[in-house]
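Structure file model.pdb (PDB, C-alpha atoms and all ligand atoms) is printed below.
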ATOM      1  CA  MET A  14      57.593  34.275-176.326
ATOM      2  CA  GLU A  15      60.370  32.996-178.554
ATOM      3  CA  ASP A  16      60.854  29.911-176.386
ATOM      4  CA  GLU A  17      57.163  29.164-176.761
ATOM      5  CA  GLY A  18      57.497  29.213-180.530
ATOM      6  CA  TRP A  19      55.605  32.522-180.839
ATOM      7  CA  LEU A  20      52.366  30.663-180.411
ATOM      8  CA  GLY A  21      49.477  33.012-179.696
ATOM      9  CA  THR A  22      51.804  36.022-179.652
ATOM     10  CA  GLN A  23      50.314  39.110-181.251
ATOM     11  CA  ASN A  24      52.456  40.851-183.880
ATOM     12  CA  ALA A  25      54.962  37.984-183.734
ATOM     13  CA  ASP A  26      56.392  38.974-187.125
ATOM     14  CA  LEU A  27      57.202  42.485-185.848
ATOM     15  CA  ILE A  28      58.690  41.277-182.569
ATOM     16  CA  ARG A  29      60.814  38.734-184.429
ATOM     17  CA  ALA A  30      62.039  41.438-186.787
ATOM     18  CA  ALA A  31      62.912  43.663-183.789
ATOM     19  CA  LEU A  32      64.776  40.770-182.118
ATOM     20  CA  PHE A  33      66.738  40.201-185.295
ATOM     21  CA  LEU A  34      67.727  43.881-185.416
ATOM     22  CA  ILE A  35      68.774  43.836-181.748
ATOM     23  CA  ARG A  36      70.817  40.640-182.187
ATOM     24  CA  THR A  37      72.677  41.950-185.192
ATOM     25  CA  ARG A  38      73.418  45.282-183.534
ATOM     26  CA  THR A  39      77.045  45.600-182.448
ATOM     27  CA  ALA A  40      76.419  47.856-179.423
ATOM     28  CA  GLU A  41      74.625  46.628-176.317
ATOM     29  CA  THR A  42      70.889  47.278-176.211
ATOM     30  CA  TYR A  43      69.094  48.135-172.962
ATOM     31  CA  ILE A  44      65.350  47.749-172.711
ATOM     32  CA  GLN A  45      63.373  49.747-170.206
ATOM     33  CA  LYS A  46      59.627  49.746-169.760
ATOM     34  CA  VAL A  47      58.097  53.219-169.647
ATOM     35  CA  LYS A  48      54.671  54.447-168.615
ATOM     36  CA  ALA A  49      52.390  55.032-171.611
ATOM     37  CA  HIS A  50      50.699  58.357-172.380
ATOM     38  CA  SER A  51      52.512  60.289-169.714
ATOM     39  CA  GLY A  52      54.405  62.737-171.892
ATOM     40  CA  ILE A  53      57.607  60.717-172.351
ATOM     41  CA  ARG A  54      58.886  62.011-175.665
ATOM     42  CA  GLY A  55      60.021  58.732-177.278
ATOM     43  CA  ASN A  56      56.791  57.030-176.262
ATOM     44  CA  GLU A  57      54.591  59.835-177.595
ATOM     45  CA  GLU A  58      56.469  59.829-180.898
ATOM     46  CA  ALA A  59      56.170  56.051-181.206
ATOM     47  CA  ASP A  60      52.398  56.408-180.600
ATOM     48  CA  THR A  61      52.067  59.025-183.316
ATOM     49  CA  MET A  62      54.065  56.940-185.770
ATOM     50  CA  ALA A  63      52.013  53.852-184.991
ATOM     51  CA  LYS A  64      48.802  55.761-185.714
ATOM     52  CA  GLU A  65      50.224  57.078-188.983
ATOM     53  CA  GLY A  66      51.381  53.587-189.882
ATOM     54  CA  LEU A  67      47.823  52.295-189.550
ATOM     55  CA  GLU A  68      46.638  54.592-192.325
ATOM     56  CA  LYS A  69      49.585  54.063-194.619
ATOM     57  CA  GLU A  70      49.663  52.027-197.757
ATOM     58  CA  ILE A  71      52.136  49.206-197.712
ATOM     59  CA  ASP A  72      55.713  50.048-198.557
ATOM     60  CA  THR A  73      57.555  46.818-199.234
ATOM     61  CA  SER A  74      60.932  48.540-199.309
ATOM     62  CA  VAL A  75      60.916  48.978-195.530
ATOM     63  CA  MET A  76      59.774  45.477-194.621
ATOM     64  CA  ILE A  77      62.428  43.635-192.665
ATOM     65  CA  VAL A  78      63.304  40.273-194.118
ATOM     66  CA  ILE A  79      64.997  38.058-191.547
ATOM     67  CA  PRO A  80      67.731  35.821-193.009
ATOM     68  CA  PRO A  81      66.865  32.155-192.331
ATOM     69  CA  ASN A  82      69.887  31.600-190.046
ATOM     70  CA  TRP A  83      68.652  34.375-187.740
ATOM     71  CA  ASP A  84      65.042  33.296-187.685
ATOM     72  CA  TYR A  85      64.382  31.051-184.728
ATOM     73  CA  SER A  86      61.110  29.234-185.047
ATOM     74  CA  GLY A  87      59.547  26.313-183.279
ATOM     75  CA  ALA A  88      59.238  25.991-179.539
ATOM     76  CA  ARG A  89      62.003  24.997-177.118
ATOM     77  CA  LEU A  90      60.628  21.848-175.575
ATOM     78  CA  GLN A  91      62.125  22.306-172.114
ATOM     79  CA  SER A  92      60.423  25.638-171.653
ATOM     80  CA  LEU A  93      56.936  24.457-172.571
ATOM     81  CA  THR A  94      54.265  23.788-170.010
ATOM     82  CA  PHE A  95      51.814  21.029-170.806
ATOM     83  CA  ASN A  96      49.164  23.549-171.677
ATOM     84  CA  GLN A  97      51.462  25.358-174.083
ATOM     85  CA  MET A  98      52.541  22.085-175.632
ATOM     86  CA  TYR A  99      48.919  21.137-176.204
ATOM     87  CA  ARG A 100      48.217  24.478-177.869
ATOM     88  CA  TRP A 101      51.327  24.081-179.988
ATOM     89  CA  ILE A 102      50.323  20.628-181.208
ATOM     90  CA  SER A 103      46.778  21.658-182.041
ATOM     91  CA  HIS A 104      48.256  24.664-183.825
ATOM     92  CA  LEU A 105      50.405  22.335-185.952
ATOM     93  CA  ASN A 106      47.367  20.171-186.692
ATOM     94  CA  GLN A 107      45.417  23.269-187.614
ATOM     95  CA  GLU A 108      48.144  24.306-189.996
ATOM     96  CA  GLY A 109      48.059  20.898-191.572
ATOM     97  CA  LYS A 110      44.332  21.212-192.147
ATOM     98  CA  ASP A 111      44.512  24.739-193.456
ATOM     99  CA  THR A 112      45.848  23.508-196.759
ATOM    100  CA  ALA A 113      44.003  26.049-198.900
ATOM    101  CA  ALA A 114      46.362  28.917-198.067
ATOM    102  CA  GLN A 115      49.373  26.612-198.116
ATOM    103  CA  MET A 116      48.497  25.449-201.596
ATOM    104  CA  ILE A 117      47.638  28.759-203.163
ATOM    105  CA  VAL A 118      50.147  31.218-201.654
ATOM    106  CA  PRO A 119      53.273  29.758-203.353
ATOM    107  CA  ASP A 120      51.268  29.715-206.567
ATOM    108  CA  ILE A 121      50.347  33.388-206.249
ATOM    109  CA  LEU A 122      53.892  34.415-205.335
ATOM    110  CA  SER A 123      55.467  32.537-208.223
ATOM    111  CA  GLU A 124      53.016  34.001-210.727
ATOM    112  CA  ILE A 125      53.725  37.515-209.442
ATOM    113  CA  TYR A 126      57.466  36.778-209.534
ATOM    114  CA  ASP A 127      57.220  35.702-213.172
ATOM    115  CA  GLN A 128      55.442  38.947-214.006
ATOM    116  CA  THR A 129      57.434  41.443-211.954
ATOM    117  CA  GLY A 130      60.740  39.763-211.126
ATOM    118  CA  ILE A 131      60.164  40.682-207.479
ATOM    119  CA  PRO A 132      60.403  37.811-204.952
ATOM    120  CA  TYR A 133      57.647  38.909-202.570
ATOM    121  CA  THR A 134      57.434  36.894-199.358
ATOM    122  CA  GLU A 135      54.334  35.368-197.856
ATOM    123  CA  GLN A 136      54.370  37.980-195.067
ATOM    124  CA  VAL A 137      54.381  40.804-197.587
ATOM    125  CA  LEU A 138      51.452  39.246-199.433
ATOM    126  CA  TRP A 139      49.411  38.975-196.221
ATOM    127  CA  ALA A 140      50.257  42.532-195.227
ATOM    128  CA  SER A 141      49.402  43.806-198.707
ATOM    129  CA  ILE A 142      45.783  42.696-198.525
ATOM    130  CA  ARG A 143      45.453  44.214-195.051
ATOM    131  CA  THR A 144      46.187  47.807-196.035
ATOM    132  CA  PRO A 145      44.470  50.754-197.697
ATOM    133  CA  PRO A 146      43.387  51.605-200.276
ATOM    134  CA  ILE A 147      41.677  48.200-200.155
ATOM    135  CA  ARG A 148      38.447  48.726-198.200
ATOM    136  CA  ARG A 149      38.103  46.876-194.897
ATOM    137  CA  GLU A 150      35.221  44.665-196.016
ATOM    138  CA  VAL A 151      37.104  43.787-199.200
ATOM    139  CA  GLN A 152      40.251  43.031-197.182
ATOM    140  CA  ASP A 153      38.275  40.442-195.215
ATOM    141  CA  PHE A 154      36.960  38.930-198.441
ATOM    142  CA  LEU A 155      40.484  38.562-199.889
ATOM    143  CA  TRP A 156      41.711  36.991-196.645
ATOM    144  CA  GLN A 157      38.889  34.453-196.723
ATOM    145  CA  ALA A 158      39.503  33.812-200.405
ATOM    146  CA  ILE A 159      43.156  32.895-199.875
ATOM    147  CA  HIS A 160      42.146  30.663-196.953
ATOM    148  CA  GLY A 161      39.519  28.917-199.069
ATOM    149  CA  ARG A 162      36.797  29.971-196.638
ATOM    150  CA  THR A 163      34.337  31.598-198.981
ATOM    151  CA  VAL A 164      31.177  29.528-198.886
ATOM    152  CA  CYS A 165      30.975  27.921-202.297
ATOM    153  CA  GLY A 166      31.910  24.750-204.138
ATOM    154  CA  ALA A 167      33.589  21.977-202.147
ATOM    155  CA  PHE A 168      32.737  23.857-198.947
ATOM    156  CA  PHE A 169      29.190  22.462-199.192
ATOM    157  CA  SER A 170      30.378  18.847-199.233
ATOM    158  CA  LYS A 171      30.926  19.104-195.461
ATOM    159  CA  TRP A 172      27.330  20.151-194.844
ATOM    160  CA  GLY A 173      25.654  16.838-195.636
ATOM    161  CA  GLU A 174      23.469  15.202-198.297
ATOM    162  CA  GLU A 175      20.982  17.950-199.093
ATOM    163  CA  TRP A 176      23.779  20.422-199.834
ATOM    164  CA  ILE A 177      25.672  18.241-202.334
ATOM    165  CA  ASP A 178      24.114  19.893-205.390
ATOM    166  CA  ARG A 179      25.078  23.319-204.138
ATOM    167  CA  GLN A 180      28.723  22.521-204.934
ATOM    168  CA  TYR A 181      28.143  22.903-208.637
ATOM    169  CA  CYS A 182      27.774  25.895-210.895
ATOM    170  CA  GLU A 183      24.852  25.847-213.339
ATOM    171  CA  CYS A 184      27.452  25.161-216.048
ATOM    172  CA  GLY A 185      28.189  21.808-214.404
ATOM    173  CA  ASN A 186      31.648  22.599-212.999
ATOM    174  CA  LEU A 187      32.565  22.663-209.326
ATOM    175  CA  GLU A 188      31.933  26.241-208.255
ATOM    176  CA  SER A 189      35.236  27.362-206.748
ATOM    177  CA  LEU A 190      35.893  31.048-206.079
ATOM    178  CA  GLN A 191      38.285  30.985-209.023
ATOM    179  CA  HIS A 192      35.445  29.668-211.171
ATOM    180  CA  ILE A 193      33.175  32.454-209.907
ATOM    181  CA  LEU A 194      35.625  35.305-210.384
ATOM    182  CA  THR A 195      37.302  34.334-213.637
ATOM    183  CA  GLY A 196      36.342  30.912-214.893
ATOM    184  CA  CYS A 197      32.681  30.498-215.852
ATOM    185  CA  GLU A 198      31.739  30.768-219.496
ATOM    186  CA  ASP A 199      28.020  30.462-218.752
ATOM    187  CA  ARG A 200      27.958  33.761-216.884
ATOM    188  CA  PRO A 201      28.703  36.386-219.544
ATOM    189  CA  TRP A 202      28.088  39.196-217.048
ATOM    190  CA  VAL A 203      31.317  38.302-215.232
ATOM    191  CA  GLU A 204      33.412  38.875-218.331
ATOM    192  CA  GLU A 205      31.432  42.046-219.083
ATOM    193  CA  ILE A 206      32.009  43.445-215.631
ATOM    194  CA  TRP A 207      35.769  42.783-215.847
ATOM    195  CA  ASN A 208      35.924  44.446-219.258
ATOM    196  CA  ALA A 209      34.086  47.478-217.902
ATOM    197  CA  SER A 210      36.267  47.569-214.829
ATOM    198  CA  ILE A 211      39.571  47.307-216.664
ATOM    199  CA  GLY A 212      38.141  49.776-219.204
ATOM    200  CA  LEU A 213      37.763  52.306-216.369
ATOM    201  CA  ILE A 214      41.413  51.882-215.410
ATOM    202  CA  ASN A 215      42.595  52.144-219.004
ATOM    203  CA  GLN A 216      40.288  55.100-219.568
ATOM    204  CA  ALA A 217      42.072  56.898-216.777
ATOM    205  CA  ARG A 218      45.132  56.235-218.992
ATOM    206  CA  CYS A 219      46.907  55.651-215.792
ATOM    207  CA  MET A 220      49.017  52.840-217.103
ATOM    208  CA  LYS A 221      50.868  55.363-219.280
ATOM    209  CA  GLY A 222      50.660  53.721-222.670
ATOM    210  CA  SER A 223      50.401  50.095-221.675
ATOM    211  CA  THR A 224      46.856  48.848-221.364
ATOM    212  CA  LEU A 225      45.793  46.407-218.706
ATOM    213  CA  SER A 226      43.969  43.141-219.382
ATOM    214  CA  PRO A 227      41.473  41.534-217.013
ATOM    215  CA  PRO A 228      43.410  39.987-214.116
ATOM    216  CA  THR A 229      44.007  36.285-213.524
ATOM    217  CA  TYR A 230      42.690  34.760-210.299
ATOM    218  CA  ASN A 231      46.147  34.961-208.685
ATOM    219  CA  GLN A 232      46.521  38.581-209.737
ATOM    220  CA  ILE A 233      43.205  39.380-208.063
ATOM    221  CA  LEU A 234      44.335  37.822-204.783
ATOM    222  CA  ALA A 235      47.642  39.674-205.030
ATOM    223  CA  VAL A 236      46.028  42.998-205.953
ATOM    224  CA  GLY A 237      47.661  44.613-202.914
ATOM    225  CA  LEU A 238      51.096  44.001-204.462
ATOM    226  CA  LEU A 239      50.200  45.834-207.655
ATOM    227  CA  ASN A 240      52.739  48.521-208.323
ATOM    228  CA  THR A 241      53.389  51.009-211.099
ATOM    229  CA  ALA A 242      55.682  54.014-211.142
ATOM    230  CA  ASN A 243      52.585  56.210-210.975
ATOM    231  CA  LYS A 244      51.177  56.376-207.429
ATOM    232  CA  PRO A 245      47.641  57.596-208.162
ATOM    233  CA  ALA A 246      47.408  54.984-210.937
ATOM    234  CA  THR A 247      48.491  52.220-208.601
ATOM    235  CA  ARG A 248      45.976  53.372-206.024
ATOM    236  CA  LEU A 249      43.107  53.568-208.520
ATOM    237  CA  SER A 250      43.922  50.136-209.973
ATOM    238  CA  LYS A 251      44.016  48.513-206.530
ATOM    239  CA  ILE A 252      40.659  50.060-205.644
ATOM    240  CA  ILE A 253      38.915  49.130-208.901
ATOM    241  CA  ILE A 254      40.256  45.563-209.143
ATOM    242  CA  SER A 255      39.557  44.707-205.497
ATOM    243  CA  GLU A 256      36.077  46.270-205.577
ATOM    244  CA  THR A 257      35.230  44.463-208.832
ATOM    245  CA  ALA A 258      36.205  41.051-207.446
ATOM    246  CA  TYR A 259      34.170  41.618-204.287
ATOM    247  CA  LEU A 260      31.205  42.891-206.301
ATOM    248  CA  ILE A 261      31.208  39.785-208.533
ATOM    249  CA  TRP A 262      31.141  37.646-205.385
ATOM    250  CA  LYS A 263      28.201  39.634-203.992
ATOM    251  CA  LEU A 264      26.300  39.526-207.286
ATOM    252  CA  ARG A 265      26.906  35.776-207.530
ATOM    253  CA  ASN A 266      25.383  35.413-204.047
ATOM    254  CA  ALA A 267      22.399  37.533-205.029
ATOM    255  CA  TRP A 268      21.916  35.321-208.046
ATOM    256  CA  VAL A 269      22.625  31.859-206.663
ATOM    257  CA  ILE A 270      21.344  32.246-203.101
ATOM    258  CA  ARG A 271      18.636  34.908-203.367
ATOM    259  CA  LYS A 272      17.676  33.918-206.936
ATOM    260  CA  GLU A 273      17.765  37.506-208.128
ATOM    261  CA  THR A 274      17.956  38.033-211.872
ATOM    262  CA  MET A 275      21.302  38.972-213.329
ATOM    263  CA  SER A 276      22.297  40.675-216.544
ATOM    264  CA  SER A 277      25.345  42.450-217.890
ATOM    265  CA  GLU A 278      23.445  45.761-217.588
ATOM    266  CA  ARG A 279      22.693  45.224-213.937
ATOM    267  CA  ALA A 280      26.235  44.071-213.212
ATOM    268  CA  ILE A 281      27.852  47.049-214.924
ATOM    269  CA  GLY A 282      25.392  49.441-213.294
ATOM    270  CA  ALA A 283      26.344  48.013-209.911
ATOM    271  CA  LEU A 284      30.039  48.389-210.760
ATOM    272  CA  LYS A 285      29.696  52.059-211.650
ATOM    273  CA  GLU A 286      27.661  52.674-208.526
ATOM    274  CA  THR A 287      30.282  50.953-206.363
ATOM    275  CA  ILE A 288      33.187  52.881-207.856
ATOM    276  CA  LEU A 289      31.411  56.253-207.672
ATOM    277  CA  LYS A 290      30.412  55.602-204.082
ATOM    278  CA  ARG A 291      34.006  54.752-203.249
ATOM    279  CA  ALA A 292      35.216  57.909-205.020
ATOM    280  CA  LYS A 293      32.717  60.008-203.094
ATOM    281  CA  VAL A 294      33.748  58.622-199.704
ATOM    282  CA  ASP A 295      37.398  59.040-200.663
ATOM    283  CA  LEU A 296      37.032  62.627-201.892
ATOM    284  CA  ASP A 297      34.737  63.655-199.039
ATOM    285  CA  SER A 298      37.508  62.736-196.622
ATOM    286  CA  THR A 299      39.684  65.417-198.214
ATOM    287  CA  ARG A 300      37.008  68.135-198.107
ATOM    288  CA  LEU A 301      37.095  68.771-194.391
ATOM    289  CA  PRO A 302      38.320  72.259-193.501
ATOM    290  CA  GLU A 303      42.125  72.341-193.291
ATOM    291  CA  ASN A 304      42.130  72.709-189.525
ATOM    292  CA  ARG A 305      40.121  69.511-189.098
ATOM    293  CA  LEU A 306      42.572  67.428-191.121
ATOM    294  CA  ASP A 307      45.444  65.828-189.269
ATOM    295  CA  ARG A 308      48.905  65.940-190.806
ATOM    296  CA  LYS A 309      48.527  62.515-192.382
ATOM    297  CA  LYS A 310      45.229  63.457-194.077
ATOM    298  CA  ARG A 311      46.687  66.713-195.367
ATOM    299  CA  GLU A 312      49.583  64.788-196.904
ATOM    300  CA  SER A 313      47.403  62.145-198.547
ATOM    301  CA  LYS A 314      44.928  64.722-199.866
ATOM    302  CA  GLY A 315      46.931  65.210-203.051
ATOM    303  CA  LEU A 316      47.158  61.484-203.718
ATOM    304  CA  VAL A 317      43.448  60.909-203.095
ATOM    305  CA  THR A 318      42.484  63.788-205.383
ATOM    306  CA  ALA A 319      44.890  62.591-208.077
ATOM    307  CA  THR A 320      43.483  59.061-207.858
ATOM    308  CA  TRP A 321      40.099  60.187-209.163
ATOM    309  CA  GLU A 322      41.053  63.230-211.212
ATOM    310  CA  VAL A 323      41.583  61.511-214.568
ATOM    311  CA  LEU A 324      38.580  59.262-214.199
ATOM    312  CA  LEU A 325      36.060  61.846-213.061
ATOM    313  CA  GLY A 326      37.335  64.948-214.786
ATOM    314  CA  ASN A 327      39.492  67.720-213.454
ATOM    315  CA  GLY A 328      38.144  69.771-210.579
ATOM    316  CA  SER A 329      34.462  69.518-211.406
ATOM    317  CA  SER A 330      34.260  65.926-210.249
ATOM    318  CA  SER A 331      30.912  66.780-208.651
ATOM    319  CA  ARG A 332      29.319  66.598-212.114
ATOM    320  CA  SER A 333      29.956  62.857-212.488
ATOM    321  CA  LEU A 334      29.453  62.366-208.793
ATOM    322  CA  ARG A 335      25.854  63.474-208.719
ATOM    323  CA  TRP A 336      25.065  60.064-207.559
ATOM    324  CA  THR A 337      22.268  58.875-205.338
ATOM    325  CA  PRO A 338      22.661  55.653-203.422
ATOM    326  CA  SER A 339      20.148  52.914-204.121
ATOM    327  CA  ASP A 340      19.783  49.680-202.231
ATOM    328  CA  HIS A 341      20.934  47.138-204.763
ATOM    329  CA  GLY A 342      22.612  45.222-201.941
TER     330      GLY A 342
HETATM  331 ZN    ZN A 401      30.083  27.941-214.185
END
Would you kindly transcribe this structure into structure tokens?
Amino acid sequence: MEDEGWLGTQNADLIRAALFLIRTRTAETYIQKVKAHSGIRGNEEADTMAKEGLEKEIDTSVMIVIPPNWDYSGARLQSLTFNQMYRWISHLNQEGKDTAAQMIVPDILSEIYDQTGIPYTEQVLWASIRTPPIRREVQDFLWQAIHGRTVCGAFFSKWGEEWIDRQYCECGNLESLQHILTGCEDRPWVEEIWNASIGLINQARCMKGSTLSPPTYNQILAVGLLNTANKPATRLSKIIISETAYLIWKLRNAWVIRKETMSSERAIGALKETILKRAKVDLDSTRLPENRLDRKKRESKGLVTATWEVLLGNGSSSRSLRWTPSDHG
């Protein structure tokens, strides 16, 4: 796989990290393939840990950063078949075309570095938007956002003549996702929804004294890297900020594409509904009888409960959660 430049290899980052660890180990390492799911202790334990890992929130302290002199990348020409070489070249071309992520990722990382002093890597950023508590659908949205694949603005220029006008916001500017989420002064409901959203976080007083301001576009895309000393606070902030960004995108689509009416009242109503729904799903997952919770769920129960406690009131959260779903889209 290494000789082929890791092209098309699943989990290449993990395998490369493992290779690095093996190469820097002073003792000899033997690798033996074992039969899966047949009661071999090491294999069963690895399975369990992998399943737990899937549910876990990202912990950047355990990510393995490979020093550049140990990181072999690129393909070894002599070991490539023609087919592999072709795939490699089209992969390079693809990367050249995919400039959106290439342009924005360094920007995001340097802004976050300025604010936190932590030099997050690109891999950590990608992993951070792919983990709970960010909801699956919202994870996909953030991924598309960083790749510039949300259908708006310049995207329409590729679709031909009759779509040209669709590139522009009603305020006259090109309608980029940044413009939609944080930049348009002609859509007061966007600012209102951010104020309400950040108000919820501050209301939970989870930032311990310091109050949060509405996020910049880069901070939204890097919401998975958000970190405070207080775990429930971090979790709540990630949930609220990511859900708010995704909701603004959905409301913008309802408005621009389906021509639905929009107002600050409707937007804030939709925000509250979204957050309460999320809280309900979250809390319901902890209300299963003890014997139906696996170890992981039992452990995270405290964190999930603490996430919503301050916002919804202690214990009697059902009062604020008497919520009935409606189909606002
Ligand atoms: Zn605008």
At a cut-off of 9 Å around ligand ZN 401 (chain A), and using only C-alpha atoms and all ligand atoms, what residues come up? Please write them as a PDB file with C-alpha atoms, keeping the file's coordinate frame.
ATOM      1  CA  TYR A 181      28.143  22.903-208.637  1.00  0.00           C
ATOM      2  CA  CYS A 182      27.774  25.895-210.895  1.00  0.00           C
ATOM      3  CA  GLU A 183      24.852  25.847-213.339  1.00  0.00           C
ATOM      4  CA  CYS A 184      27.452  25.161-216.048  1.00  0.00           C
ATOM      5  CA  GLY A 185      28.189  21.808-214.404  1.00  0.00           C
ATOM      6  CA  ASN A 186      31.648  22.599-212.999  1.00  0.00           C
ATOM      7  CA  LEU A 187      32.565  22.663-209.326  1.00  0.00           C
ATOM      8  CA  GLU A 188      31.933  26.241-208.255  1.00  0.00           C
ATOM      9  CA  HIS A 192      35.445  29.668-211.171  1.00  0.00           C
ATOM     10  CA  ILE A 193      33.175  32.454-209.907  1.00  0.00           C
ATOM     11  CA  GLY A 196      36.342  30.912-214.893  1.00  0.00           C
ATOM     12  CA  CYS A 197      32.681  30.498-215.852  1.00  0.00           C
ATOM     13  CA  GLU A 198      31.739  30.768-219.496  1.00  0.00           C
ATOM     14  CA  ASP A 199      28.020  30.462-218.752  1.00  0.00           C
ATOM     15  CA  ARG A 200      27.958  33.761-216.884  1.00  0.00           C
TER      16      ARG A 200
END
**Exercise: Ile254 of chain A partners within 10 Å, only C-alpha atoms, chain neighbours under 4 positions left out, as a list in words** = Ile147, Trp207, Ser210, Ile211, Ile214, Pro227, Pro228, Gln232, Ile233, Leu234, Val236, Gly237, Leu249, Ser250, Ala258, Tyr259 and Leu260 of chain A
Same residues, C-alpha atoms, output as an mmCIF file, keeping the file's coordinate frame:
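Okay, this is what ended up in part32.cif:
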data_model
loop_
_atom_site.group_PDB
_atom_site.id
_atom_site.type_symbol
_atom_site.label_atom_id
_atom_site.label_comp_id
_atom_site.auth_asym_id
_atom_site.auth_seq_id
_atom_site.Cartn_x
_atom_site.Cartn_y
_atom_site.Cartn_z
ATOM 1 C CA ILE A 147 41.677 48.200 -200.155
ATOM 2 C CA TRP A 207 35.769 42.783 -215.847
ATOM 3 C CA SER A 210 36.267 47.569 -214.829
ATOM 4 C CA ILE A 211 39.571 47.307 -216.664
ATOM 5 C CA ILE A 214 41.413 51.882 -215.410
ATOM 6 C CA PRO A 227 41.473 41.534 -217.013
ATOM 7 C CA PRO A 228 43.410 39.987 -214.116
ATOM 8 C CA GLN A 232 46.521 38.581 -209.737
ATOM 9 C CA ILE A 233 43.205 39.380 -208.063
ATOM 10 C CA LEU A 234 44.335 37.822 -204.783
ATOM 11 C CA VAL A 236 46.028 42.998 -205.953
ATOM 12 C CA GLY A 237 47.661 44.613 -202.914
ATOM 13 C CA LEU A 249 43.107 53.568 -208.520
ATOM 14 C CA SER A 250 43.922 50.136 -209.973
ATOM 15 C CA ALA A 258 36.205 41.051 -207.446
ATOM 16 C CA TYR A 259 34.170 41.618 -204.287
ATOM 17 C CA LEU A 260 31.205 42.891 -206.301
#
**Point-to-point distance in Å for atom CA of Gln136 of chain A and atom CA of Ala114 of chain A** =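 Distance between the two atoms: 12.5 Å.
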**Asked** Just how far from atom CA of Gln128 of chain A is atom CA of Leu190 of chain A, in Å to one decimal?
**Response** 22.5 Å
**Request:** State, in Å with one decimal place, the distance from atom CA of Leu296 of chain A to atom CA of Asp153 of chain A.
**Result:** 23.2 Å
**Request:** Compile the contact shell of Arg149 of chain A as a list in words: residues with an atom at most 12 Å away, counting all atoms listed in the file, same-chain residues fewer than 5 positions apart removed.
**Result:** Glu68, Ile142, Arg143, Thr144, Phe154, Leu155, Trp156, Ile252, Ser255, Glu256 and Tyr259 of chain A
**Surrounding residues of Ser189 of chain A excluding itself and chain neighbours under 5 positions, 8 Å, only C-alpha atoms, as a VMD selection string** = chain A and resid 165 to 167
Create the file for the chosen residues now, containing C-alpha atoms and written as a PDB file, keeping the file's coordinate frame.
ATOM      1  CA  CYS A 165      30.975  27.921-202.297  1.00  0.00           C
ATOM      2  CA  GLY A 166      31.910  24.750-204.138  1.00  0.00           C
ATOM      3  CA  ALA A 167      33.589  21.977-202.147  1.00  0.00           C
TER       4      ALA A 167
END
**Message:** Suppose a student applies the PyMOL selection byres (((chain A and resi 286-295) around 7) and not hetatm) to this structure; what residues should they get, written as a PyMOL selection string?
**Reply:** chain A and resi 253+282-285+296-298+317+321+334
**Request:** Skip Asp120 of chain A itself and residues of its chain fewer than 4 positions away, then list as an MDAnalysis selection string all residues within 8 Å of it, counting all atoms listed in the file.
**Result:** chainID A and resid 116 124 231
Please write the residues from the selection above to a file, keeping C-alpha atoms, as a PDB file, keeping the file's coordinate frame.
ATOM      1  CA  MET A 116      48.497  25.449-201.596  1.00  0.00           C
ATOM      2  CA  GLU A 124      53.016  34.001-210.727  1.00  0.00           C
ATOM      3  CA  ASN A 231      46.147  34.961-208.685  1.00  0.00           C
TER       4      ASN A 231
END
